[in-house]
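Student: Got a file for you: coords-v4.cif, mmCIF, C-alpha atoms.
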```cif
data_work
loop_
_atom_site.label_atom_id
_atom_site.label_comp_id
_atom_site.auth_asym_id
_atom_site.auth_seq_id
_atom_site.Cartn_x
_atom_site.Cartn_y
_atom_site.Cartn_z
CA MET A 1 71.00 150.82 175.85
CA SER A 2 72.79 148.45 178.21
CA THR A 3 70.97 146.13 180.58
CA SER A 4 72.55 147.73 183.64
CA LYS A 5 71.42 151.17 182.50
CA THR A 6 67.87 149.89 182.22
CA VAL A 7 68.13 148.46 185.71
CA GLN A 8 69.40 151.77 187.04
CA GLU A 9 66.51 153.57 185.41
CA LEU A 10 64.09 151.21 187.12
CA ASN A 11 65.91 151.70 190.40
CA ARG A 12 65.78 155.49 190.10
CA GLU A 13 62.09 155.44 189.21
CA LEU A 14 61.32 153.44 192.33
CA ALA A 15 63.55 155.69 194.45
CA LYS A 16 61.66 158.71 193.14
CA LYS A 17 58.37 157.11 194.13
CA LEU A 18 59.69 156.30 197.60
CA ILE A 19 60.94 159.88 198.07
CA GLU A 20 57.57 161.24 197.00
CA GLU A 21 55.77 158.80 199.26
CA GLY A 22 57.96 159.91 202.15
CA ARG A 23 56.98 163.53 201.45
CA THR A 24 53.27 162.95 201.25
CA ASN A 25 52.86 160.16 203.79
CA PRO A 26 54.94 160.43 206.97
CA GLN A 27 53.30 157.16 208.08
CA SER A 28 54.87 155.28 205.19
CA VAL A 29 56.56 152.04 206.29
CA TYR A 30 59.77 153.40 204.77
CA ALA A 31 59.63 156.84 206.41
CA GLY A 32 62.94 157.61 208.08
CA LYS A 33 64.50 154.43 206.71
CA PHE A 34 67.45 153.78 204.44
CA VAL A 35 66.10 151.72 201.58
CA GLY A 36 68.09 149.52 199.23
CA ILE A 37 66.83 148.81 195.73
CA ALA A 38 68.10 146.19 193.29
CA ASN A 39 66.75 145.37 189.87
CA GLY A 40 63.82 147.74 190.37
CA GLN A 41 62.67 146.23 193.67
CA VAL A 42 63.14 147.03 197.35
CA VAL A 43 65.53 144.39 198.70
CA ALA A 44 66.81 145.93 201.94
CA VAL A 45 65.67 148.32 204.65
CA ALA A 46 67.99 149.64 207.35
CA ASP A 47 68.35 152.29 210.02
CA ASN A 48 71.65 153.68 208.71
CA TRP A 49 73.88 153.67 205.64
CA ASP A 50 76.42 151.19 207.00
CA GLU A 51 73.77 148.61 207.73
CA LEU A 52 72.17 149.21 204.34
CA ALA A 53 75.48 148.66 202.53
CA ARG A 54 75.93 145.27 204.19
CA ARG A 55 72.39 144.18 203.38
CA LEU A 56 72.56 145.38 199.79
CA ARG A 57 75.83 143.54 199.14
CA GLN A 58 74.22 140.36 200.43
CA ALA A 59 71.07 140.86 198.36
CA GLU A 60 72.79 141.79 195.08
CA PRO A 61 76.53 141.21 194.64
CA ASP A 62 76.52 143.21 191.38
CA LEU A 63 76.46 146.68 192.90
CA SER A 64 75.91 148.31 189.51
CA LYS A 65 72.35 146.99 189.76
CA THR A 66 71.74 148.51 193.19
CA PHE A 67 70.63 151.89 194.46
CA GLY A 68 70.02 153.49 197.84
CA VAL A 69 67.77 156.23 199.12
CA GLU A 70 66.98 157.81 202.49
CA VAL A 71 63.21 158.14 202.62
CA GLY A 72 62.16 161.37 204.25
CA ARG A 73 65.29 163.33 203.32
CA ASP A 74 64.67 166.53 201.36
CA TYR A 75 66.77 165.98 198.26
CA ASP A 76 65.90 169.44 196.92
CA VAL A 77 68.08 171.17 199.53
CA VAL A 78 71.22 172.78 198.10
CA GLU A 79 74.27 171.82 200.19
CA GLU A 80 76.93 174.53 200.37
CA ILE A 81 80.58 173.73 199.79
CA TRP A 82 82.47 176.94 200.49
CA GLY A 83 85.25 178.28 198.28
CA LEU A 84 87.86 175.56 198.21
CA ARG A 85 89.19 175.44 194.70
CA MET B 1 90.74 156.50 223.20
CA PRO B 2 92.54 155.91 219.90
CA ARG B 3 93.86 159.01 218.18
CA VAL B 4 95.59 159.53 214.84
CA LEU B 5 97.37 162.68 213.67
CA TRP B 6 98.50 163.67 210.17
CA PRO B 7 100.93 166.43 209.18
CA LEU B 8 99.31 169.40 207.45
CA LEU B 9 99.36 169.16 203.65
CA ASN B 10 99.87 172.40 201.76
CA ASP B 11 99.40 174.06 205.17
CA ARG B 12 95.89 172.66 205.36
CA PRO B 13 94.40 170.04 207.69
CA ILE B 14 93.90 166.62 206.16
CA ILE B 15 92.81 163.15 207.09
CA GLN B 16 93.94 159.99 205.35
CA VAL B 17 91.39 157.32 204.57
CA ILE B 18 91.37 154.00 202.76
CA LEU B 19 88.49 153.55 200.36
CA GLY B 20 87.09 150.14 199.47
CA LEU B 21 86.29 146.92 201.27
CA ALA B 22 89.05 145.37 203.37
CA GLN B 23 88.48 142.02 201.66
CA GLY B 24 88.04 141.87 197.90
CA GLY B 25 87.83 144.75 195.49
CA GLN B 26 90.07 147.72 194.92
CA GLN B 27 91.45 149.71 197.86
CA VAL B 28 93.03 153.13 197.60
CA ALA B 29 94.50 155.54 200.16
CA ARG B 30 93.39 159.15 199.81
CA ASN B 31 94.29 162.48 201.43
CA LEU B 32 91.13 164.43 202.14
CA ARG B 33 91.10 168.05 203.12
CA ALA B 34 89.40 168.35 206.52
CA ASP B 35 86.84 171.11 206.12
CA THR B 36 84.19 171.88 208.70
CA GLY B 37 82.74 174.44 206.25
CA ALA B 38 81.76 171.76 203.75
CA GLY B 39 78.14 170.77 204.22
CA THR B 40 76.31 170.64 207.52
CA ALA B 41 75.66 168.14 210.30
CA GLN B 42 72.55 167.09 208.36
CA SER B 43 73.95 166.87 204.85
CA GLY B 44 73.13 163.88 202.68
CA PHE B 45 76.84 163.12 202.23
CA GLU B 46 79.94 163.09 204.41
CA LEU B 47 82.76 163.10 201.88
CA LEU B 48 83.46 164.72 198.55
CA LEU B 49 85.52 162.47 196.26
CA ASP B 50 86.61 162.19 192.67
CA GLU B 51 83.76 160.23 191.08
CA HIS B 52 86.32 157.89 189.55
CA ASP B 53 87.38 156.84 193.07
CA CYS B 54 83.76 156.19 194.05
CA LEU B 55 83.37 153.83 191.11
CA LEU B 56 86.81 152.25 191.48
CA CYS B 57 86.01 151.24 195.05
CA GLY B 58 82.64 149.71 194.27
CA GLY B 59 80.50 152.56 195.48
CA ILE B 60 76.76 151.88 195.68
CA PRO B 61 74.78 154.52 193.75
CA LEU B 62 72.54 156.70 195.93
CA GLN B 63 70.09 159.49 195.22
CA GLY B 64 72.11 162.51 194.03
CA ALA B 65 72.76 165.81 195.80
CA LEU B 66 72.46 169.47 194.85
CA LEU B 67 75.56 171.50 195.63
CA GLY B 68 76.21 175.22 195.84
CA GLY B 69 79.33 177.30 196.39
CA ALA B 70 82.60 175.90 195.05
CA TYR B 71 80.67 173.14 193.30
CA THR B 72 77.32 173.96 191.79
CA GLY B 73 74.66 171.74 190.33
CA SER B 74 73.50 168.16 190.65
CA TYR B 75 76.09 165.50 191.50
CA PRO B 76 75.94 161.73 191.99
CA VAL B 77 76.36 160.27 195.48
CA TYR B 78 77.80 156.84 196.27
CA LEU B 79 77.94 154.72 199.39
CA VAL B 80 81.66 154.06 199.81
CA GLN B 81 83.42 151.87 202.36
CA VAL B 82 85.80 154.07 204.35
CA ARG B 83 88.50 152.82 206.69
CA ILE B 84 90.83 154.56 209.11
CA PRO B 85 92.68 151.51 210.46
CA LEU B 86 94.43 153.22 213.37
CA LEU B 87 91.03 154.23 214.73
CA GLY B 88 89.34 150.94 213.93
CA PHE B 89 86.90 152.87 211.78
CA ASP B 90 85.34 150.81 208.98
CA GLN B 91 81.95 151.98 207.74
CA ALA B 92 80.00 152.71 204.59
CA VAL B 93 79.76 156.48 204.16
CA PRO B 94 77.85 158.54 201.57
CA ALA B 95 80.23 160.48 199.31
CA VAL B 96 79.35 162.95 196.59
CA GLY B 97 81.26 162.27 193.37
CA VAL B 98 82.73 165.27 191.54
CA PRO B 99 84.89 165.47 188.41
CA ALA B 100 87.90 166.61 190.47
CA GLY B 101 88.60 167.37 194.11
CA PRO B 102 90.09 170.64 195.36
CA ALA B 103 93.57 171.39 194.01
CA GLY B 104 96.27 169.53 195.90
CA PHE B 105 93.90 167.10 197.61
CA ASP B 106 92.03 163.93 196.71
CA GLY B 107 88.74 165.19 198.12
CA ILE B 108 87.10 166.71 201.16
CA ALA B 109 86.12 165.27 204.52
CA CYS B 110 83.00 167.30 205.19
CA PHE B 111 81.72 168.51 208.54
CA GLN B 112 79.33 165.62 209.01
CA PHE B 113 82.17 163.10 208.74
CA LEU B 114 84.59 165.04 210.98
CA ASN B 115 81.79 165.48 213.48
CA ARG B 116 81.71 161.72 214.06
CA PHE B 117 84.99 162.18 215.94
CA THR B 118 86.76 164.55 218.28
CA TYR B 119 88.89 166.54 215.85
CA GLY B 120 91.56 169.23 215.94
CA ASN B 121 95.29 169.82 216.29
CA PHE B 122 95.50 168.33 219.79
CA ALA B 123 97.95 171.09 220.79
CA ASP B 124 100.26 170.50 217.81
CA PRO B 125 99.87 173.33 215.25
CA GLY B 126 101.62 171.30 212.55
CA GLN B 127 99.16 168.44 212.58
CA PHE B 128 95.48 167.61 212.43
CA GLY B 129 93.89 164.57 213.92
CA LEU B 130 90.88 162.53 214.86
CA GLU B 131 90.07 160.75 218.08
CA MET B 132 87.32 158.21 218.67
#
```
Just give me the structure as structure tokens.

Tutor:
Amino acid sequence: MSTSKTVQELNRELAKKLIEEGRTNPQSVYAGKFVGIANGQVVAVADNWDELARRLRQAEPDLSKTFGVEVGRDYDVVEEIWGLR
Amino acid sequence: MPRVLWPLLNDRPIIQVILGLAQGGQQVARNLRADTGAGTAQSGFELLLDEHDCLLCGGIPLQGALLGGAYTGSYPVYLVQVRIPLLGFDQAVPAVGVPAGPAGFDGIACFQFLNRFTYGNFADPGQFGLEM
């Protein structure tokens, strides 16, 4: 198992917790925010994706160790892409 | 207001974007099929790209998305820097990564992305364009 894979697993675990926290606690400090994670820790919080990208690049230049999540979004929704193939 | 128009490709509307940071890293130009029927105004992604392009351009991994319709299942999403120089557009945009885009195109510009702009043929049936 590579180091970066382990980091991504940590990142995804934290993202999952943040998503769950957003579901159960609308008063969460991260509710409605775009949260950047690096090396298993929250390193950036922003109001939109563009801002988050800039902050994450500053916090962790190795983007393979980063991860982003929108807290409060329902990630269980199925998004339809109509017949295009 | 700046406007850019592209000729139809395979008789379909397209937009051309440059993926990747302007300074440093890999940059690639891509023809994306403009499709207002892809996703909604509230989708968690704005583009659909070949996953290889997302990685090539230094995409930041995001929480994945569930797709239905032409693509079904769980797919990775990346935050990708997208530029349309003639419009001065240069922003990080969430893009879902798929094994291959629709035939004849490099990907899809979904409704949420097109909806950032005024879009249409601007009275020229042979072209499609965006205006900021």

Student: Env of Gly37 in chain B: 9 Å cut, atoms = all atoms listed in the file, seq-sep filter 5 positions within chain, self excluded. Answer as a ChimeraX atom specification.

Tutor: /A:80-82 /B:110-111

Student: Using only C-alpha atoms for the distances, tell me which of B:Leu79, B:Leu21, B:Thr40, B:Asn10 is nearest to Leu56 in chain A.

Tutor: B:Leu79

Student: Give me the chain A side of the contact with chain B, cut-off 8 Å, one line per residue showing its nearest atom pair and distance in Å at one decimal, counting all atoms listed in the file, sorted by chain and residue number, as a tab-separated table.

Tutor:
```
residue	atom	partner	partner_atom	distance
A:Arg12	CA	B:Gln63	CA	7.8
A:Ala15	CA	B:Gln63	CA	7.6
A:Trp49	CA	B:Ala92	CA	6.3
A:Asp50	CA	B:Ala92	CA	4.6
A:Ala53	CA	B:Ala92	CA	6.4
A:Leu63	CA	B:Ile60	CA	5.9
A:Ser64	CA	B:Ile60	CA	7.2
A:Thr66	CA	B:Ile60	CA	6.5
A:Phe67	CA	B:Pro61	CA	5.0
A:Gly68	CA	B:Leu62	CA	4.5
A:Val69	CA	B:Gln63	CA	5.6
A:Arg73	CA	B:Gly44	CA	7.9
A:Tyr75	CA	B:Ala65	CA	6.5
A:Asp76	CA	B:Leu66	CA	6.9
A:Val77	CA	B:Leu66	CA	6.6
A:Val78	CA	B:Leu66	CA	4.8
A:Glu79	CA	B:Leu67	CA	4.7
A:Glu80	CA	B:Gly68	CA	4.6
A:Ile81	CA	B:Ala38	CA	4.6
A:Trp82	CA	B:Gly69	CA	5.2
A:Gly83	CA	B:Ala70	CA	4.8
A:Leu84	CA	B:Pro102	CA	6.1
A:Arg85	CA	B:Pro102	CA	4.9
```

Student: Output C-alpha atoms for every residue in the selection just made, as a PDB file, in the frame of the given file.

Tutor:
```pdb
ATOM      1  CA  ARG A  12      65.780 155.490 190.100  1.00  0.00           C
ATOM      2  CA  ALA A  15      63.550 155.690 194.450  1.00  0.00           C
ATOM      3  CA  TRP A  49      73.880 153.670 205.640  1.00  0.00           C
ATOM      4  CA  ASP A  50      76.420 151.190 207.000  1.00  0.00           C
ATOM      5  CA  ALA A  53      75.480 148.660 202.530  1.00  0.00           C
ATOM      6  CA  LEU A  63      76.460 146.680 192.900  1.00  0.00           C
ATOM      7  CA  SER A  64      75.910 148.310 189.510  1.00  0.00           C
ATOM      8  CA  THR A  66      71.740 148.510 193.190  1.00  0.00           C
ATOM      9  CA  PHE A  67      70.630 151.890 194.460  1.00  0.00           C
ATOM     10  CA  GLY A  68      70.020 153.490 197.840  1.00  0.00           C
ATOM     11  CA  VAL A  69      67.770 156.230 199.120  1.00  0.00           C
ATOM     12  CA  ARG A  73      65.290 163.330 203.320  1.00  0.00           C
ATOM     13  CA  TYR A  75      66.770 165.980 198.260  1.00  0.00           C
ATOM     14  CA  ASP A  76      65.900 169.440 196.920  1.00  0.00           C
ATOM     15  CA  VAL A  77      68.080 171.170 199.530  1.00  0.00           C
ATOM     16  CA  VAL A  78      71.220 172.780 198.100  1.00  0.00           C
ATOM     17  CA  GLU A  79      74.270 171.820 200.190  1.00  0.00           C
ATOM     18  CA  GLU A  80      76.930 174.530 200.370  1.00  0.00           C
ATOM     19  CA  ILE A  81      80.580 173.730 199.790  1.00  0.00           C
ATOM     20  CA  TRP A  82      82.470 176.940 200.490  1.00  0.00           C
ATOM     21  CA  GLY A  83      85.250 178.280 198.280  1.00  0.00           C
ATOM     22  CA  LEU A  84      87.860 175.560 198.210  1.00  0.00           C
ATOM     23  CA  ARG A  85      89.190 175.440 194.700  1.00  0.00           C
TER      24      ARG A  85
END
```

Student: Find the distance between CA of Asn48 in chain A and CA of Gly32 in chain A and write it in Å to one decimal.

Tutor: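 These atoms are spaced 9.6 Å apart.
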
Student: When you count all atoms listed in the file, which of these residues is closest to Leu47 in chain B: B:Leu5, B:Val96, B:Leu19, B:Ile14?

Tutor: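 Distance minimum relative to Leu47 in chain B lands on B:Val96.
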
Student: For Lys65 in chain A, find every residue with an atom within 12 Å (counting all atoms listed in the file), except residues of its own chain fewer than 6 positions away, and show them as a ChimeraX atom specification.

Tutor: /A:2-12,36-43,56-57,59 /B:58-62

Student: Emit the selected residues as a compact mmCIF listing (two decimals), in the coordinates of the input, including C-alpha atoms.

Tutor:
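part-v5.txt written:
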```txt
# COMPACT_ATOMS: atom_id res chain seq x y z
CA SER A 2 72.79 148.45 178.21
CA THR A 3 70.97 146.13 180.58
CA SER A 4 72.55 147.73 183.64
CA LYS A 5 71.42 151.17 182.50
CA THR A 6 67.87 149.89 182.22
CA VAL A 7 68.13 148.46 185.71
CA GLN A 8 69.40 151.77 187.04
CA GLU A 9 66.51 153.57 185.41
CA LEU A 10 64.09 151.21 187.12
CA ASN A 11 65.91 151.70 190.40
CA ARG A 12 65.78 155.49 190.10
CA GLY A 36 68.09 149.52 199.23
CA ILE A 37 66.83 148.81 195.73
CA ALA A 38 68.10 146.19 193.29
CA ASN A 39 66.75 145.37 189.87
CA GLY A 40 63.82 147.74 190.37
CA GLN A 41 62.67 146.23 193.67
CA VAL A 42 63.14 147.03 197.35
CA VAL A 43 65.53 144.39 198.70
CA LEU A 56 72.56 145.38 199.79
CA ARG A 57 75.83 143.54 199.14
CA ALA A 59 71.07 140.86 198.36
CA GLY B 58 82.64 149.71 194.27
CA GLY B 59 80.50 152.56 195.48
CA ILE B 60 76.76 151.88 195.68
CA PRO B 61 74.78 154.52 193.75
CA LEU B 62 72.54 156.70 195.93
```

Student: What is the CA of Val4 in chain B-CA of Arg30 in chain B distance in Å, reported with one decimal?

Tutor: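 CA of Arg30 in chain B lies at a distance of 15.2 Å from CA of Val4 in chain B.
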
Student: Between CA of Ala41 in chain B and CA of Phe113 in chain B, what is the distance, to one decimal in Å?

Tutor: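 That distance, rounded to one decimal, is 8.4 Å.
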
Student: Pick out the closest residue to Thr118 in chain B from this set: B:Ile18, B:Leu56, B:Leu87, B:Leu8. Count only C-alpha atoms.

Tutor: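 The shortest atom-to-atom distance to Thr118 in chain B comes from B:Leu87.
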
Student: Between A:Glu70, A:Glu21, A:Glu13, A:Glu60, single out the one closest to Val35 in chain A, counting all atoms listed in the file.

Tutor: A:Glu70

Student: Name the closest residue to Ile84 in chain B among the candidates B:Glu131, B:Asp50, B:Asp11, B:Asp124; distances are taken between atoms, counting all atoms listed in the file.

Tutor: B:Glu131

Student: Applied to this file, what does the PyMOL selection byres ((chain B and resi 132) around 9) return in terms of residues, put as JSON, numbers by chain?

Tutor: {"B": [1, 2, 3, 87, 88, 89, 116, 117, 118, 119, 130, 131]}

Student: I need range 60-71 of chain A from the structure I supplied, saved as an mmCIF file, in the first residue's frame with C-alpha atoms retained.

Tutor:
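Result file is out.cif:
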```cif
data_model
loop_
_atom_site.group_PDB
_atom_site.id
_atom_site.type_symbol
_atom_site.label_atom_id
_atom_site.label_comp_id
_atom_site.auth_asym_id
_atom_site.auth_seq_id
_atom_site.Cartn_x
_atom_site.Cartn_y
_atom_site.Cartn_z
ATOM 1 C CA GLU A 60 -0.362 21.315 0.346
ATOM 2 C CA PRO A 61 1.497 21.562 -2.972
ATOM 3 C CA ASP A 62 1.259 17.784 -3.466
ATOM 4 C CA LEU A 63 -2.353 17.633 -4.623
ATOM 5 C CA SER A 64 -2.389 13.836 -4.468
ATOM 6 C CA LYS A 65 -2.513 14.256 -0.693
ATOM 7 C CA THR A 66 -5.503 16.603 -0.779
ATOM 8 C CA PHE A 67 -9.253 16.165 -0.897
ATOM 9 C CA GLY A 68 -12.281 18.438 -1.016
ATOM 10 C CA VAL A 69 -15.857 18.164 0.152
ATOM 11 C CA GLU A 70 -18.920 20.408 0.216
ATOM 12 C CA VAL A 71 -20.436 19.988 3.664
#
```
